[in-house]
Amino acid sequence: MNAIDIRNKFLKFFESKGHTIIPSAPLIPENDPSVLFTTAGMQPLVPYLLGEKHPEGTRLADYQKCVRTVDIDEVGDNRHLTYFEMLGNWSLGDYFKEESIKMSYEFLTKELEIPTEKLSVTVFAGDDDAPRDEESAKIWKEVGMPNDHIYYFGKDDNWWIAGEEGPCGPDTEMFYDTGKEPCSENCNPSCDCGKYVEIWNNVFMEYYKQHDGTYTKLKQKNVDTGLGLERINMLLQGKQTPYDTEIFAPIMAKIQELSKKDNLQSTRIVAEHLRSSIMIICDGGRPSNVDRGYVLRRLIRRMTRHLNKLQINLDELPKLIDLNIENLKDMYPSLETNKETIKQVIVEEKDKFMKTLANGEKEFFKAITRLQNENKNKLDGQTVFKLYDTYGFPPEVTKDLARRTRNFYRYARI
Ligand code: SER
């Protein structure tokens, strides 16, 4: 089974349960300047969660392209991704906890054939804003979840909201046990040791969090679920990271073949940022100095820096883009149609960045000479900031260069 099979199974399953399959909304939200990118499947559905009638009815399912950049600096480890796909099903004032939990359990155990012993679930422990979710726990027990696989946690773990204000509610989350040894006696799904990996989140959206932090009840009780495709695909294939699955493996292999340096973290950053950039450009994003354009610029520039770190000839970039599109076009057919534009945008941005780097490097050495004349052997924050602010020279590059410049090693320790 691969990612496309899982996606198809999901859509077919929810269709058989009376859901209408709706298309993925674009990564760049239409008529919504308040958010940079679509970050969750529920985002395009907010008006309908608040009570507006959806033209396709009260049961919907889709796969949604998402970009989240809060963890951009973590990319390169074994799990953080800036682009991912979220499979989701929604009840807009239709079914609630019972049907939602039963359908999720059936999908995981019958369609994906995950044994119950591999699953654990969490439910909301309750507080002043909403009661302890005994109802969900009871349903989980009824379907066959053992008592000691059901955990109660507070708002930090079992409450979902996009941002500070909006529709929200307690959630029940499903975890996959990777079979790793528990990290301690108290090892549980809320811990980060890697034994339990969250796979699905069912939010029981019946509240609205107001601007002043208080909660009111929504007009209707909704369900909003999200199942991360890259993650479930990796687990079902028994792989340790998404980079080991078919989504990334061919591009990882090509980057490794072209590299003159062995650096797994940089290889992953190139593969991940390239996929994100391709997807954003395909949906109309273009690099710029503000907002979403700036995020795209950052992704392409960070990827270019890591190509340099791996000592890959930058003329290979179009080939890497071609290979990436070839690998992903069955999942996202519009990549093929937009291939030439995608290549052009990435290569142009890479060229601009290389000019910025060359220019910034000159300014860096001018600054060093000035500091040396002043008998200083430490780069001050002001100089680092000026190099970045005026010449676009990234602080990370300044740091690398300072490390390699005699007498300026101390900067590296700031
Ligand atoms: N909105 C929830 C999430 O993003 C469930 O889809 O996790």
# chains A, B, ... in the order shown; residues from 1 in each chain; ligands from 1

call {"tool": "residues_near_ligand", "arguments": {"ligand": "ligand 1", "cutoff": "8 Å", "atoms": "only C-alpha atoms and all ligand atoms", "output": "VMD selection string"}}
result
chain A and resid 39 to 43 86 88 160 to 162 200 to 203 224 to 227

call {"tool": "select_by_dssp", "arguments": {"residues": "range 101-192 of chain A", "states": "strand (DSSP E or B)", "output": "list of chain:residue names"}}
result
A:Leu119, A:Ser120, A:Val121, A:Thr122, A:Val123, A:Phe124, A:Ile150, A:Tyr151, A:Tyr152, A:Phe153, A:Trp159, A:Trp160, A:Ile161, A:Gly166, A:Pro167, A:Cys168, A:Gly169, A:Pro170, A:Asp171, A:Thr172, A:Glu173, A:Met174, A:Phe175, A:Tyr176, A:Asp177

call {"tool": "residues_around", "arguments": {"residues": "range 317-323 of chain A", "least_positions_apart": "2", "cutoff": "9 Å", "atoms": "only C-alpha atoms", "output": "list in words"}}
result
Pro250, Ile251, Lys254, Ile255, Leu274, Arg275, Ile278, Leu307, Ile312, Asn313, Leu314, Asp315, Ile325, Glu326, Asn327, Leu328, Lys339, Ile342, Lys343, Gln344, Ile346 and Val347 of chain A

call {"tool": "closest_residue", "arguments": {"among": "A:Asn78, A:Ser259, A:Thr69, A:Asn308", "to": "Val35 in chain A", "atoms": "only C-alpha atoms"}}
result
A:Thr69

call {"tool": "closest_residue", "arguments": {"among": "A:Tyr215, A:Val270, A:Val345, A:Val121", "to": "Thr304 in chain A", "atoms": "only C-alpha atoms"}}
result
A:Val270

call {"tool": "atom_distance", "arguments": {"atom1": "CA of Gln240 in chain A", "atom2": "CA of Gly179 in chain A"}}
result
11.7 Å

call {"tool": "atom_distance", "arguments": {"atom1": "CA of Glu181 in chain A", "atom2": "CA of Glu74 in chain A"}}
result
24.4 Å

call {"tool": "closest_residue", "arguments": {"among": "A:Met303, A:Asn222, A:Leu50, A:Leu92", "to": "Ile72 in chain A", "atoms": "only C-alpha atoms"}}
result
A:Met303

call {"tool": "select_by_dssp", "arguments": {"residues": "range 46-231 of chain A", "states": "alpha helix (DSSP H)", "output": "PyMOL selection string"}}
result
chain A and resi 46-49+97-106+134-143+155-158+229-231

call {"tool": "write_last_selection", "arguments": {"atoms": "C-alpha atoms", "output": "short mmCIF file (atom, residue, chain, number, x, y, z; two decimals), in the first residue's frame"}}
result
data_model
loop_
_atom_site.label_atom_id
_atom_site.label_comp_id
_atom_site.auth_asym_id
_atom_site.auth_seq_id
_atom_site.Cartn_x
_atom_site.Cartn_y
_atom_site.Cartn_z
CA VAL A 46 -15.11 27.52 8.60
CA PRO A 47 -18.32 29.29 7.36
CA TYR A 48 -20.07 25.91 7.23
CA LEU A 49 -18.86 24.88 10.68
CA LYS A 97 -19.07 11.49 18.66
CA GLU A 98 -20.51 7.99 18.32
CA GLU A 99 -20.62 7.70 14.56
CA SER A 100 -17.36 9.57 14.16
CA ILE A 101 -15.40 7.30 16.52
CA LYS A 102 -16.99 4.16 15.08
CA MET A 103 -16.12 5.16 11.51
CA SER A 104 -12.51 6.03 12.42
CA TYR A 105 -12.07 2.75 14.25
CA GLU A 106 -13.55 0.78 11.36
CA GLU A 134 -16.66 10.31 29.30
CA GLU A 135 -18.91 9.88 26.29
CA SER A 136 -16.02 9.40 23.85
CA ALA A 137 -14.21 7.11 26.29
CA LYS A 138 -17.36 4.98 26.59
CA ILE A 139 -17.69 4.69 22.81
CA TRP A 140 -14.03 3.69 22.52
CA LYS A 141 -14.61 0.94 25.10
CA GLU A 142 -17.69 -0.24 23.23
CA VAL A 143 -15.82 -0.65 19.96
CA LYS A 155 -6.49 21.39 26.86
CA ASP A 156 -2.84 21.30 25.83
CA ASP A 157 -3.26 17.86 24.30
CA ASN A 158 -6.95 17.27 23.68
CA LEU A 229 -1.16 11.06 4.94
CA GLU A 230 2.64 11.07 4.97
CA ARG A 231 2.68 9.83 8.54
#

call {"tool": "closest_residue", "arguments": {"among": "A:Val70, A:Ala61, A:Ile281, A:Ala367", "to": "Gly293 in chain A", "atoms": "only C-alpha atoms"}}
result
A:Ile281

call {"tool": "closest_residue", "arguments": {"among": "A:Pro29, A:Ile21, A:Trp159, A:Phe13", "to": "Arg292 in chain A", "atoms": "only C-alpha atoms"}}
result
A:Pro29

call {"tool": "residues_around", "arguments": {"residues": "Gly238 in chain A", "least_positions_apart": "2", "cutoff": "12 Å", "atoms": "only C-alpha atoms", "output": "compact mmCIF listing (two decimals) with N, CA and C atoms, in the first residue's frame"}}
result
# COMPACT_ATOMS: atom_id res chain seq x y z
N MET A 1 0.85 -1.20 0.00
CA MET A 1 0.00 0.00 0.00
C MET A 1 0.89 1.26 0.00
N ASN A 2 0.56 2.22 -0.84
CA ASN A 2 1.30 3.47 -0.81
C ASN A 2 0.34 4.64 -0.53
N ILE A 114 -5.04 -2.26 10.78
CA ILE A 114 -4.16 -2.05 11.94
C ILE A 114 -4.76 -2.82 13.13
N TYR A 176 -0.54 5.45 17.07
CA TYR A 176 -0.02 4.17 16.60
C TYR A 176 1.21 3.84 17.43
N ASP A 177 1.24 2.63 17.95
CA ASP A 177 2.38 2.21 18.77
C ASP A 177 3.44 1.61 17.83
N THR A 178 4.59 2.28 17.78
CA THR A 178 5.63 1.83 16.83
C THR A 178 6.35 0.57 17.32
N GLY A 179 6.05 0.18 18.57
CA GLY A 179 6.70 -1.03 19.09
C GLY A 179 8.01 -0.74 19.80
N ARG A 231 2.37 10.54 7.31
CA ARG A 231 2.68 9.83 8.54
C ARG A 231 2.09 8.43 8.55
N ILE A 232 0.81 8.30 8.18
CA ILE A 232 0.20 6.97 8.20
C ILE A 232 0.86 6.08 7.15
N ASN A 233 1.22 6.69 6.02
CA ASN A 233 1.89 5.93 4.96
C ASN A 233 3.22 5.35 5.47
N MET A 234 3.97 6.21 6.17
CA MET A 234 5.27 5.78 6.73
C MET A 234 5.07 4.64 7.73
N LEU A 235 4.09 4.77 8.60
CA LEU A 235 3.88 3.75 9.64
C LEU A 235 3.44 2.42 9.03
N LEU A 236 2.53 2.49 8.06
CA LEU A 236 2.03 1.25 7.47
C LEU A 236 3.12 0.52 6.69
N GLN A 240 10.88 4.43 9.17
CA GLN A 240 11.19 5.30 10.32
C GLN A 240 10.87 6.77 10.06
N THR A 241 10.93 7.17 8.80
CA THR A 241 10.70 8.59 8.47
C THR A 241 9.94 8.67 7.15
N PRO A 242 9.26 9.81 6.89
CA PRO A 242 8.57 9.95 5.60
C PRO A 242 9.56 9.94 4.42
N ASP A 244 11.78 7.89 3.86
CA ASP A 244 12.07 6.52 3.41
C ASP A 244 10.92 5.93 2.57
N THR A 245 9.83 6.71 2.41
CA THR A 245 8.70 6.20 1.62
C THR A 245 8.81 6.66 0.17

call {"tool": "closest_residue", "arguments": {"among": "A:Ala130, A:Leu11, A:Ile199, A:Leu357", "to": "Lys217 in chain A", "atoms": "only C-alpha atoms"}}
result
A:Ala130

call {"tool": "residues_around", "arguments": {"residues": "Gln220 in chain A", "least_positions_apart": "6", "cutoff": "12 Å", "atoms": "only C-alpha atoms", "output": "ChimeraX atom specification"}}
result
/A:48-53,58,91-96,167-168,204-208

call {"tool": "decode", "arguments": {"residues": "range 47-66 of chain A", "atoms": "N, CA and C atoms", "output": "PDB file, in the first residue's frame"}}
result
ATOM      1  N   PRO A  47     -16.943  28.746   7.384  1.00  0.00           N
ATOM      2  CA  PRO A  47     -18.316  29.290   7.359  1.00  0.00           C
ATOM      3  C   PRO A  47     -19.372  28.211   7.583  1.00  0.00           C
ATOM      4  N   TYR A  48     -19.087  26.996   7.121  1.00  0.00           N
ATOM      5  CA  TYR A  48     -20.074  25.911   7.226  1.00  0.00           C
ATOM      6  C   TYR A  48     -20.078  25.297   8.624  1.00  0.00           C
ATOM      7  N   LEU A  49     -18.910  25.351   9.297  1.00  0.00           N
ATOM      8  CA  LEU A  49     -18.863  24.880  10.684  1.00  0.00           C
ATOM      9  C   LEU A  49     -19.642  25.859  11.572  1.00  0.00           C
ATOM     10  N   LEU A  50     -19.692  27.106  11.116  1.00  0.00           N
ATOM     11  CA  LEU A  50     -20.422  28.127  11.895  1.00  0.00           C
ATOM     12  C   LEU A  50     -21.918  28.114  11.587  1.00  0.00           C
ATOM     13  N   GLY A  51     -22.347  27.335  10.591  1.00  0.00           N
ATOM     14  CA  GLY A  51     -23.793  27.200  10.383  1.00  0.00           C
ATOM     15  C   GLY A  51     -24.293  27.467   8.969  1.00  0.00           C
ATOM     16  N   GLU A  52     -23.447  28.071   8.106  1.00  0.00           N
ATOM     17  CA  GLU A  52     -23.885  28.283   6.720  1.00  0.00           C
ATOM     18  C   GLU A  52     -24.126  26.920   6.063  1.00  0.00           C
ATOM     19  N   LYS A  53     -25.083  26.834   5.132  1.00  0.00           N
ATOM     20  CA  LYS A  53     -25.369  25.547   4.488  1.00  0.00           C
ATOM     21  C   LYS A  53     -24.325  25.270   3.409  1.00  0.00           C
ATOM     22  N   HIS A  54     -23.707  24.091   3.450  1.00  0.00           N
ATOM     23  CA  HIS A  54     -22.755  23.736   2.399  1.00  0.00           C
ATOM     24  C   HIS A  54     -23.526  23.148   1.218  1.00  0.00           C
ATOM     25  N   PRO A  55     -23.205  23.577  -0.029  1.00  0.00           N
ATOM     26  CA  PRO A  55     -23.989  23.086  -1.181  1.00  0.00           C
ATOM     27  C   PRO A  55     -23.927  21.563  -1.343  1.00  0.00           C
ATOM     28  N   GLU A  56     -22.882  20.924  -0.812  1.00  0.00           N
ATOM     29  CA  GLU A  56     -22.745  19.467  -0.995  1.00  0.00           C
ATOM     30  C   GLU A  56     -23.316  18.674   0.183  1.00  0.00           C
ATOM     31  N   GLY A  57     -23.956  19.328   1.122  1.00  0.00           N
ATOM     32  CA  GLY A  57     -24.623  18.599   2.207  1.00  0.00           C
ATOM     33  C   GLY A  57     -23.909  18.687   3.534  1.00  0.00           C
ATOM     34  N   THR A  58     -24.239  17.748   4.437  1.00  0.00           N
ATOM     35  CA  THR A  58     -23.746  17.836   5.819  1.00  0.00           C
ATOM     36  C   THR A  58     -22.650  16.821   6.126  1.00  0.00           C
ATOM     37  N   ARG A  59     -22.355  15.929   5.138  1.00  0.00           N
ATOM     38  CA  ARG A  59     -21.256  14.968   5.327  1.00  0.00           C
ATOM     39  C   ARG A  59     -20.262  15.144   4.176  1.00  0.00           C
ATOM     40  N   LEU A  60     -19.061  15.548   4.526  1.00  0.00           N
ATOM     41  CA  LEU A  60     -18.062  15.818   3.479  1.00  0.00           C
ATOM     42  C   LEU A  60     -16.763  15.093   3.802  1.00  0.00           C
ATOM     43  N   ALA A  61     -16.013  14.780   2.757  1.00  0.00           N
ATOM     44  CA  ALA A  61     -14.657  14.233   2.957  1.00  0.00           C
ATOM     45  C   ALA A  61     -13.773  14.761   1.840  1.00  0.00           C
ATOM     46  N   ASP A  62     -12.478  14.859   2.125  1.00  0.00           N
ATOM     47  CA  ASP A  62     -11.558  15.299   1.070  1.00  0.00           C
ATOM     48  C   ASP A  62     -10.120  14.958   1.445  1.00  0.00           C
ATOM     49  N   TYR A  63      -9.207  15.278   0.531  1.00  0.00           N
ATOM     50  CA  TYR A  63      -7.797  15.341   0.919  1.00  0.00           C
ATOM     51  C   TYR A  63      -7.416  16.789   0.734  1.00  0.00           C
ATOM     52  N   GLN A  64      -6.689  17.333   1.690  1.00  0.00           N
ATOM     53  CA  GLN A  64      -6.370  18.754   1.637  1.00  0.00           C
ATOM     54  C   GLN A  64      -4.859  18.970   1.655  1.00  0.00           C
ATOM     55  N   LYS A  65      -4.399  19.769   0.689  1.00  0.00           N
ATOM     56  CA  LYS A  65      -2.984  20.150   0.665  1.00  0.00           C
ATOM     57  C   LYS A  65      -2.779  21.196   1.762  1.00  0.00           C
ATOM     58  N   CYS A  66      -1.763  21.032   2.583  1.00  0.00           N
ATOM     59  CA  CYS A  66      -1.521  21.977   3.688  1.00  0.00           C
ATOM     60  C   CYS A  66      -0.053  22.403   3.752  1.00  0.00           C
TER      61      CYS A  66
END
